[in-house]
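Novice: My structure is stored as query.csv, with CSV, C-alpha atoms.
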chain,number,residue,atom,x,y,z
N,1,MET,CA,0.0,0.0,0.0
N,2,ASN,CA,1.4,3.4,-0.9
N,3,ARG,CA,1.4,6.4,1.4
N,4,VAL,CA,-1.6,8.0,-0.3
N,5,GLU,CA,-3.8,5.0,0.2
N,6,GLN,CA,-2.4,4.6,3.8
N,7,SER,CA,-3.1,8.2,4.6
N,8,ASP,CA,-6.8,7.9,3.6
N,9,LEU,CA,-7.3,4.7,5.5
N,10,THR,CA,-5.6,6.0,8.7
N,11,TYR,CA,-7.5,9.3,8.6
N,12,LYS,CA,-10.8,7.4,8.4
N,13,ARG,CA,-9.7,5.0,11.2
N,14,LEU,CA,-8.7,7.8,13.6
N,15,PHE,CA,-11.4,10.4,12.9
N,16,GLY,CA,-14.2,8.4,11.5
N,17,LYS,CA,-14.7,10.6,8.5
N,18,ASN,CA,-13.4,11.2,5.0
N,19,PRO,CA,-10.1,13.1,4.5
N,20,ALA,CA,-12.0,15.5,2.2
N,21,GLU,CA,-13.5,16.9,5.5
N,22,ALA,CA,-10.1,17.7,7.0
N,23,PRO,CA,-9.9,21.3,8.4
N,24,LEU,CA,-7.7,22.9,5.7
N,25,GLN,CA,-9.1,21.0,2.7
N,26,ALA,CA,-11.2,23.9,1.5
N,27,SER,CA,-8.9,26.8,2.2
N,28,ASN,CA,-5.3,25.3,2.1
N,29,PRO,CA,-5.6,22.0,0.3
N,30,GLU,CA,-1.9,21.6,-0.6
N,31,LEU,CA,-0.7,21.9,3.0
N,32,GLN,CA,-3.5,19.6,4.1
N,33,THR,CA,-2.4,17.0,1.6
N,34,ILE,CA,1.3,17.3,2.6
N,35,LEU,CA,0.3,17.0,6.3
N,36,ASN,CA,-2.0,14.0,5.7
N,37,ARG,CA,0.5,12.1,3.7
N,38,LEU,CA,3.3,12.6,6.2
N,39,ILE,CA,1.4,12.1,9.4
N,40,PHE,CA,-1.3,9.6,8.4
N,41,GLY,CA,0.4,8.0,5.4
N,42,GLU,CA,3.9,7.6,6.9
N,43,VAL,CA,4.4,8.4,10.6
N,44,PHE,CA,1.3,6.5,11.8
N,45,ALA,CA,2.5,3.5,9.8
N,46,ALA,CA,6.1,3.6,11.1
N,47,GLY,CA,7.2,1.2,13.8
N,48,SER,CA,4.9,-1.0,15.9
N,49,LEU,CA,3.1,1.3,18.4
N,50,PRO,CA,-0.7,0.7,18.5
N,51,ASP,CA,-3.0,3.6,17.6
N,52,THR,CA,-3.9,4.0,21.3
N,53,THR,CA,-0.3,4.8,22.3
N,54,ARG,CA,0.2,7.0,19.2
N,55,GLU,CA,-2.8,9.1,20.1
N,56,LEU,CA,-1.8,9.4,23.8
N,57,ILE,CA,1.6,10.7,22.5
N,58,THR,CA,-0.1,13.1,20.2
N,59,VAL,CA,-2.3,14.4,23.0
N,60,VAL,CA,0.6,15.2,25.3
N,61,THR,CA,2.7,16.8,22.6
N,62,LEU,CA,-0.2,19.0,21.6
N,63,THR,CA,-0.9,19.8,25.2
N,64,VAL,CA,2.7,20.9,25.8
N,65,GLN,CA,2.6,23.1,22.8
N,66,GLN,CA,-0.9,24.5,23.6
N,67,THR,CA,-2.2,23.8,20.1
N,68,MET,CA,-5.8,23.6,21.1
N,69,GLY,CA,-7.6,23.0,17.8
N,70,PRO,CA,-5.6,19.9,17.0
N,71,LEU,CA,-5.7,18.8,20.6
N,72,ARG,CA,-9.5,18.8,20.5
N,73,ALA,CA,-9.5,16.7,17.3
N,74,HIS,CA,-7.0,14.2,18.7
N,75,VAL,CA,-8.8,13.8,22.0
N,76,GLY,CA,-11.7,12.7,19.8
N,77,ALA,CA,-9.4,10.5,17.7
N,78,ALA,CA,-8.0,8.9,20.9
N,79,LEU,CA,-11.5,8.1,22.1
N,80,HIS,CA,-12.5,6.8,18.6
N,81,VAL,CA,-9.6,4.3,18.5
N,82,GLY,CA,-10.2,2.9,22.0
N,83,VAL,CA,-8.3,5.1,24.5
N,84,SER,CA,-10.5,5.3,27.6
N,85,PRO,CA,-11.6,8.7,28.9
N,86,VAL,CA,-9.6,8.1,32.1
N,87,GLN,CA,-6.4,7.4,30.0
N,88,VAL,CA,-6.8,10.6,28.1
N,89,GLN,CA,-7.4,12.6,31.2
N,90,GLU,CA,-4.4,11.0,33.0
N,91,ALA,CA,-2.1,11.7,30.0
N,92,ILE,CA,-3.0,15.4,30.3
N,93,TYR,CA,-2.7,15.4,34.1
N,94,GLN,CA,0.8,13.9,33.7
N,95,CYS,CA,1.8,17.1,31.9
N,96,ALA,CA,1.3,19.3,34.9
N,97,PRO,CA,4.7,18.9,36.5
N,98,TYR,CA,6.4,19.6,33.2
N,99,ILE,CA,4.4,22.5,31.8
N,100,GLY,CA,2.8,24.0,34.9
N,101,PHE,CA,-0.8,24.2,36.0
N,102,PRO,CA,-2.1,27.0,33.7
N,103,LYS,CA,-1.3,25.2,30.5
N,104,THR,CA,-2.6,21.9,31.8
N,105,ILE,CA,-5.9,23.6,32.8
N,106,GLU,CA,-6.2,25.1,29.3
N,107,ALA,CA,-5.8,21.6,27.8
N,108,LEU,CA,-8.3,20.1,30.2
N,109,GLN,CA,-10.9,22.6,29.2
N,110,VAL,CA,-10.5,21.6,25.6
N,111,MET,CA,-10.5,17.9,26.7
N,112,ASN,CA,-13.7,18.4,28.6
N,113,GLN,CA,-15.4,20.0,25.6
N,114,ALA,CA,-14.4,17.0,23.5
N,115,MET,CA,-15.6,14.6,26.2
N,116,ALA,CA,-19.0,16.3,26.3
N,117,GLU,CA,-19.2,16.0,22.5
N,118,HIS,CA,-18.8,12.3,22.9
N,119,GLY,CA,-21.4,12.0,25.6
N,120,ILE,CA,-18.9,11.4,28.4
N,121,ALA,CA,-20.0,12.5,31.9
N,122,LEU,CA,-17.6,14.4,34.1
N,123,PRO,CA,-16.0,14.1,36.6
N,124,LEU,CA,-14.4,10.8,35.8
N,125,PRO,CA,-13.6,8.2,38.5
N,126,LEU,CA,-10.9,9.3,40.9
N,127,GLN,CA,-7.4,7.8,40.2
N,128,GLY,CA,-5.3,9.3,43.0
N,129,ARG,CA,-3.5,6.7,45.3
N,130,THR,CA,-1.7,8.8,47.9
N,131,THR,CA,-2.5,10.7,51.0
N,132,GLU,CA,-1.0,13.8,52.7
N,133,GLN,CA,0.9,11.4,55.0
N,134,ASP,CA,2.4,9.1,52.3
N,135,ARG,CA,2.8,11.1,49.1
N,136,LEU,CA,6.5,11.8,49.7
N,137,GLU,CA,7.3,8.2,50.7
N,138,LYS,CA,5.4,6.8,47.7
N,139,GLY,CA,6.8,9.4,45.4
N,140,LEU,CA,10.4,8.6,46.4
N,141,ALA,CA,9.7,4.9,45.9
N,142,VAL,CA,8.5,5.3,42.3
N,143,GLN,CA,11.3,7.8,41.6
N,144,LYS,CA,13.9,5.2,42.7
N,145,GLN,CA,12.1,2.5,40.7
N,146,ILE,CA,12.7,4.7,37.6
N,147,PHE,CA,16.1,6.2,38.3
N,148,GLY,CA,17.7,4.0,40.9
N,149,GLU,CA,19.5,4.8,44.1
N,150,THR,CA,21.1,7.9,42.5
N,151,ILE,CA,18.0,9.7,43.8
N,152,ASP,CA,19.3,9.4,47.4
N,153,GLN,CA,22.6,10.9,46.2
N,154,MET,CA,20.9,13.7,44.4
N,155,ARG,CA,18.8,14.6,47.4
N,156,ALA,CA,21.9,14.4,49.7
N,157,GLN,CA,23.9,16.7,47.5
N,158,ALA,CA,21.2,19.4,47.1
N,159,PRO,CA,22.0,22.6,49.0
N,160,ALA,CA,20.1,23.0,52.2
N,161,GLU,CA,18.2,26.0,50.9
N,162,GLU,CA,17.0,23.8,47.9
N,163,ALA,CA,15.8,20.8,49.9
N,164,HIS,CA,12.2,21.9,49.5
N,165,ILE,CA,12.5,21.7,45.7
N,166,GLN,CA,13.7,18.1,46.0
N,167,ASP,CA,10.8,17.3,48.2
N,168,TYR,CA,8.4,18.9,45.8
N,169,LEU,CA,9.9,16.9,43.0
N,170,SER,CA,9.4,13.6,44.9
N,171,ALA,CA,6.1,14.2,46.5
N,172,PHE,CA,4.4,16.3,43.7
N,173,CYS,CA,5.8,15.0,40.4
N,174,PHE,CA,6.2,11.4,41.4
N,175,GLY,CA,3.9,11.0,44.4
N,176,ASP,CA,0.9,13.0,43.2
N,177,PHE,CA,1.1,11.9,39.5
N,178,TYR,CA,3.3,8.8,38.8
N,179,THR,CA,1.5,6.8,41.5
N,180,ARG,CA,-2.0,7.4,40.0
N,181,ASP,CA,-4.1,4.6,38.4
N,182,GLY,CA,-5.3,4.9,34.8
N,183,LEU,CA,-1.9,4.6,33.1
N,184,SER,CA,0.9,2.1,33.6
N,185,LEU,CA,4.3,3.3,34.9
N,186,GLN,CA,5.7,2.4,31.5
N,187,MET,CA,3.2,4.5,29.7
N,188,ARG,CA,3.7,7.5,32.0
N,189,GLU,CA,7.4,7.4,31.5
N,190,LEU,CA,7.1,7.1,27.7
N,191,LEU,CA,4.7,10.1,27.6
N,192,THR,CA,7.0,12.1,29.9
N,193,LEU,CA,9.8,11.5,27.4
N,194,CYS,CA,7.6,12.9,24.6
N,195,MET,CA,6.6,15.9,26.7
N,196,LEU,CA,10.3,16.8,27.3
N,197,VAL,CA,11.0,16.5,23.5
N,198,ALA,CA,8.0,18.8,22.8
N,199,LEU,CA,9.3,21.3,25.3
N,200,GLY,CA,12.7,21.6,23.7
N,201,GLY,CA,15.9,22.6,25.5
N,202,CYS,CA,15.5,19.8,28.0
N,203,GLU,CA,18.3,17.5,26.8
N,204,ASN,CA,19.6,16.7,30.3
N,205,GLN,CA,16.1,15.7,31.4
N,206,ILE,CA,15.6,13.8,28.1
N,207,LYS,CA,18.7,11.7,28.8
N,208,ALA,CA,17.6,11.0,32.3
N,209,HIS,CA,14.2,9.9,31.1
N,210,LEU,CA,15.6,7.8,28.3
N,211,ARG,CA,17.4,5.9,31.0
N,212,GLY,CA,14.2,5.8,33.1
N,213,ASN,CA,12.3,4.3,30.1
N,214,LEU,CA,14.9,1.6,29.8
N,215,GLN,CA,14.6,0.9,33.5
N,216,VAL,CA,10.8,0.4,33.4
N,217,GLY,CA,10.9,-1.8,30.3
N,218,ASN,CA,10.5,0.5,27.3
N,219,ASP,CA,13.2,-0.7,24.8
N,220,VAL,CA,15.1,1.4,22.3
N,221,SER,CA,12.7,0.4,19.5
N,222,THR,CA,9.7,1.7,21.5
N,223,MET,CA,11.4,5.0,22.2
N,224,LEU,CA,12.4,5.4,18.6
N,225,ASP,CA,8.8,4.8,17.6
N,226,ALA,CA,7.7,7.4,20.1
N,227,LEU,CA,10.1,10.0,18.8
N,228,THR,CA,9.0,9.3,15.3
N,229,GLN,CA,5.4,9.9,16.4
N,230,CYS,CA,6.4,13.2,17.9
N,231,LEU,CA,8.2,14.5,14.8
N,232,PRO,CA,5.3,16.1,12.8
N,233,TYR,CA,4.0,17.8,15.9
N,234,VAL,CA,7.3,19.1,17.4
N,235,GLY,CA,9.4,19.5,14.2
N,236,PHE,CA,12.7,18.2,13.1
N,237,PRO,CA,15.1,20.2,15.3
N,238,ARG,CA,13.6,18.9,18.6
N,239,THR,CA,13.3,15.4,17.2
N,240,LEU,CA,16.9,15.3,16.0
N,241,ASN,CA,18.1,16.6,19.3
N,242,ALA,CA,16.2,13.9,21.1
N,243,LEU,CA,17.6,11.3,18.7
N,244,THR,CA,21.2,12.5,19.5
N,245,CYS,CA,20.3,12.0,23.2
N,246,LEU,CA,19.0,8.5,22.5
N,247,HIS,CA,22.3,7.6,20.7
N,248,GLU,CA,24.4,9.0,23.6
N,249,VAL,CA,22.4,7.1,26.2
N,250,THR,CA,22.1,3.7,24.4
N,251,GLY,CA,25.3,3.7,22.3
N,252,GLN,CA,23.2,2.7,19.3
Please rewrite the model in this file as structure tokens.

Specialist:
Amino acid sequence: MNRVEQSDLTYKRLFGKNPAEAPLQASNPELQTILNRLIFGEVFAAGSLPDTTRELITVVTLTVQQTMGPLRAHVGAALHVGVSPVQVQEAIYQCAPYIGFPKTIEALQVMNQAMAEHGIALPLPLQGRTTEQDRLEKGLAVQKQIFGETIDQMRAQAPAEEAHIQDYLSAFCFGDFYTRDGLSLQMRELLTLCMLVALGGCENQIKAHLRGNLQVGNDVSTMLDALTQCLPYVGFPRTLNALTCLHEVTGQ
């Protein structure tokens, strides 16, 4: 199957409608054609990630970049291909420690609109699994599961006046979010890698999370597929920088 045929089939599979109904088809048909054939004719066919994972990656990259029109469309596509409402919501929640609350809230408002269009009642079932008493302890545990005992060294070496930042990182980023139900640890770590790629300028964190992905069971092939999925949404410079990090970390 050539990429033109693949593009049409994938577009229909994701959005449940004909490519002729794509947003720019009437006003900017040439760009829409180029977009469709790259994203839906090539990128969505590259590698072995299922559509559900591809759409979760797309949702978080669009959330990070605050591209709300495409985000709304891809929330719908995610639901259409079998991603559960909880999984979509958890993917956007997972963005909060990396992009901050205001941008996450903007994305959730768009998600909520898309959910309403699909007849999904809100709020969704609660997924949190920590308390005020154990969020730091549980956050540290999952942080070490991903990054190993270097976390103890990092915390010990932090200046005394920055100790609260290390506590926020462990209790908030990992305790409040990574411990939640709805998405597996493997999926959260893969999505986090994609968020960092979409942010740009986060090469140190990308390298750390590449190692973290390996630690939780995402192999090099899976990460390469994820970076490929990011490419049309974040552009070549950020994708190529992430690929350089991947080669440095894995030696491949």

Novice: Per residue of range 122-179 of chain N within 12 Å of range 102-112 of chain N, record the nearest atom pair and its distance in Å to one decimal, counting all atoms listed in the file, with rows in chain order and ascending residue number, as JSON lines.

Specialist:
{"residue": "N:Leu122", "atom": "CA", "partner": "N:Asn112", "partner_atom": "CA", "distance": 7.8}
{"residue": "N:Pro123", "atom": "CA", "partner": "N:Asn112", "partner_atom": "CA", "distance": 9.4}
{"residue": "N:Leu124", "atom": "CA", "partner": "N:Asn112", "partner_atom": "CA", "distance": 10.5}

Novice: In Å, how far is it from CA of Met115 in chain N to CA of Gln25 in chain N?

Specialist: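 Taking CA of Met115 in chain N and CA of Gln25 in chain N, their separation equals 25.2 Å.
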
Novice: Do you have, as CSV, the list of residues of range 27-98 of chain N lying at most 7 Å from range 186-206 of chain N, each with its nearest atom pair and that distance in Å to one decimal, counting all atoms listed in the file and ordered by chain then number?

Specialist:
residue,atom,partner,partner_atom,distance
N:Ile57,CA,N:Leu191,CA,6.0
N:Val60,CA,N:Met195,CA,6.2
N:Thr61,CA,N:Ala198,CA,5.7
N:Val64,CA,N:Met195,CA,6.4
N:Gln65,CA,N:Ala198,CA,6.9

Novice: How would the residues just picked look written out with C-alpha atoms as a PDB file, in the frame of the given file?

Specialist:
ATOM      1  CA  ILE N  57       1.600  10.700  22.500  1.00  0.00           C
ATOM      2  CA  VAL N  60       0.600  15.200  25.300  1.00  0.00           C
ATOM      3  CA  THR N  61       2.700  16.800  22.600  1.00  0.00           C
ATOM      4  CA  VAL N  64       2.700  20.900  25.800  1.00  0.00           C
ATOM      5  CA  GLN N  65       2.600  23.100  22.800  1.00  0.00           C
TER       6      GLN N  65
END

Novice: Nearest residue to Phe174 in chain N out of N:Gly139, N:Pro19, N:Gly119, N:Gly212, using only C-alpha atoms?

Specialist: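 Nearest to Phe174 in chain N: N:Gly139.
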
Novice: Excluding range 220-224 of chain N and any residue of its chain fewer than 4 positions from it, enumerate the residues within 9 Å of it, using only C-alpha atoms, and give them as a ChimeraX atom specification.

Specialist: /N:47-49,190,193,210,213-214,228-229,243,246,250,252

Novice: Will you model N, CA and C atoms for range 97-115 of chain N and pass it back as a short mmCIF file (atom, residue, chain, number, x, y, z; two decimals), keeping the file's coordinate frame?

Specialist:
data_model
loop_
_atom_site.label_atom_id
_atom_site.label_comp_id
_atom_site.auth_asym_id
_atom_site.auth_seq_id
_atom_site.Cartn_x
_atom_site.Cartn_y
_atom_site.Cartn_z
N PRO N 97 3.42 18.60 35.96
CA PRO N 97 4.70 18.90 36.50
C PRO N 97 5.74 19.45 35.52
N TYR N 98 5.48 19.27 34.25
CA TYR N 98 6.40 19.60 33.20
C TYR N 98 6.10 20.95 32.51
N ILE N 99 4.82 21.29 32.45
CA ILE N 99 4.40 22.50 31.80
C ILE N 99 3.73 23.50 32.71
N GLY N 100 3.45 23.09 33.95
CA GLY N 100 2.80 24.00 34.90
C GLY N 100 1.25 23.80 34.83
N PHE N 101 0.60 24.31 35.86
CA PHE N 101 -0.80 24.20 36.00
C PHE N 101 -1.64 24.98 34.93
N PRO N 102 -1.28 26.26 34.65
CA PRO N 102 -2.10 27.00 33.70
C PRO N 102 -2.30 26.36 32.36
N LYS N 103 -1.21 25.88 31.77
CA LYS N 103 -1.30 25.20 30.50
C LYS N 103 -2.05 23.91 30.54
N THR N 104 -1.87 23.20 31.65
CA THR N 104 -2.60 21.90 31.80
C THR N 104 -4.09 22.21 31.92
N ILE N 105 -4.46 23.24 32.63
CA ILE N 105 -5.90 23.60 32.80
C ILE N 105 -6.47 23.97 31.41
N GLU N 106 -5.72 24.74 30.62
CA GLU N 106 -6.20 25.10 29.30
C GLU N 106 -6.48 23.84 28.47
N ALA N 107 -5.58 22.87 28.54
CA ALA N 107 -5.80 21.60 27.80
C ALA N 107 -6.96 20.83 28.33
N LEU N 108 -7.13 20.82 29.64
CA LEU N 108 -8.30 20.10 30.20
C LEU N 108 -9.60 20.70 29.80
N GLN N 109 -9.64 22.01 29.67
CA GLN N 109 -10.90 22.60 29.20
C GLN N 109 -11.25 22.18 27.81
N VAL N 110 -10.22 22.07 26.96
CA VAL N 110 -10.50 21.60 25.60
C VAL N 110 -10.86 20.09 25.66
N MET N 111 -10.18 19.31 26.49
CA MET N 111 -10.50 17.90 26.70
C MET N 111 -11.95 17.74 27.13
N ASN N 112 -12.35 18.54 28.10
CA ASN N 112 -13.70 18.40 28.60
C ASN N 112 -14.76 18.72 27.58
N GLN N 113 -14.48 19.67 26.70
CA GLN N 113 -15.40 20.00 25.60
C GLN N 113 -15.52 18.76 24.67
N ALA N 114 -14.38 18.16 24.36
CA ALA N 114 -14.40 17.00 23.50
C ALA N 114 -15.11 15.82 24.15
N MET N 115 -14.89 15.65 25.45
CA MET N 115 -15.60 14.60 26.20
C MET N 115 -17.11 14.79 26.11
#
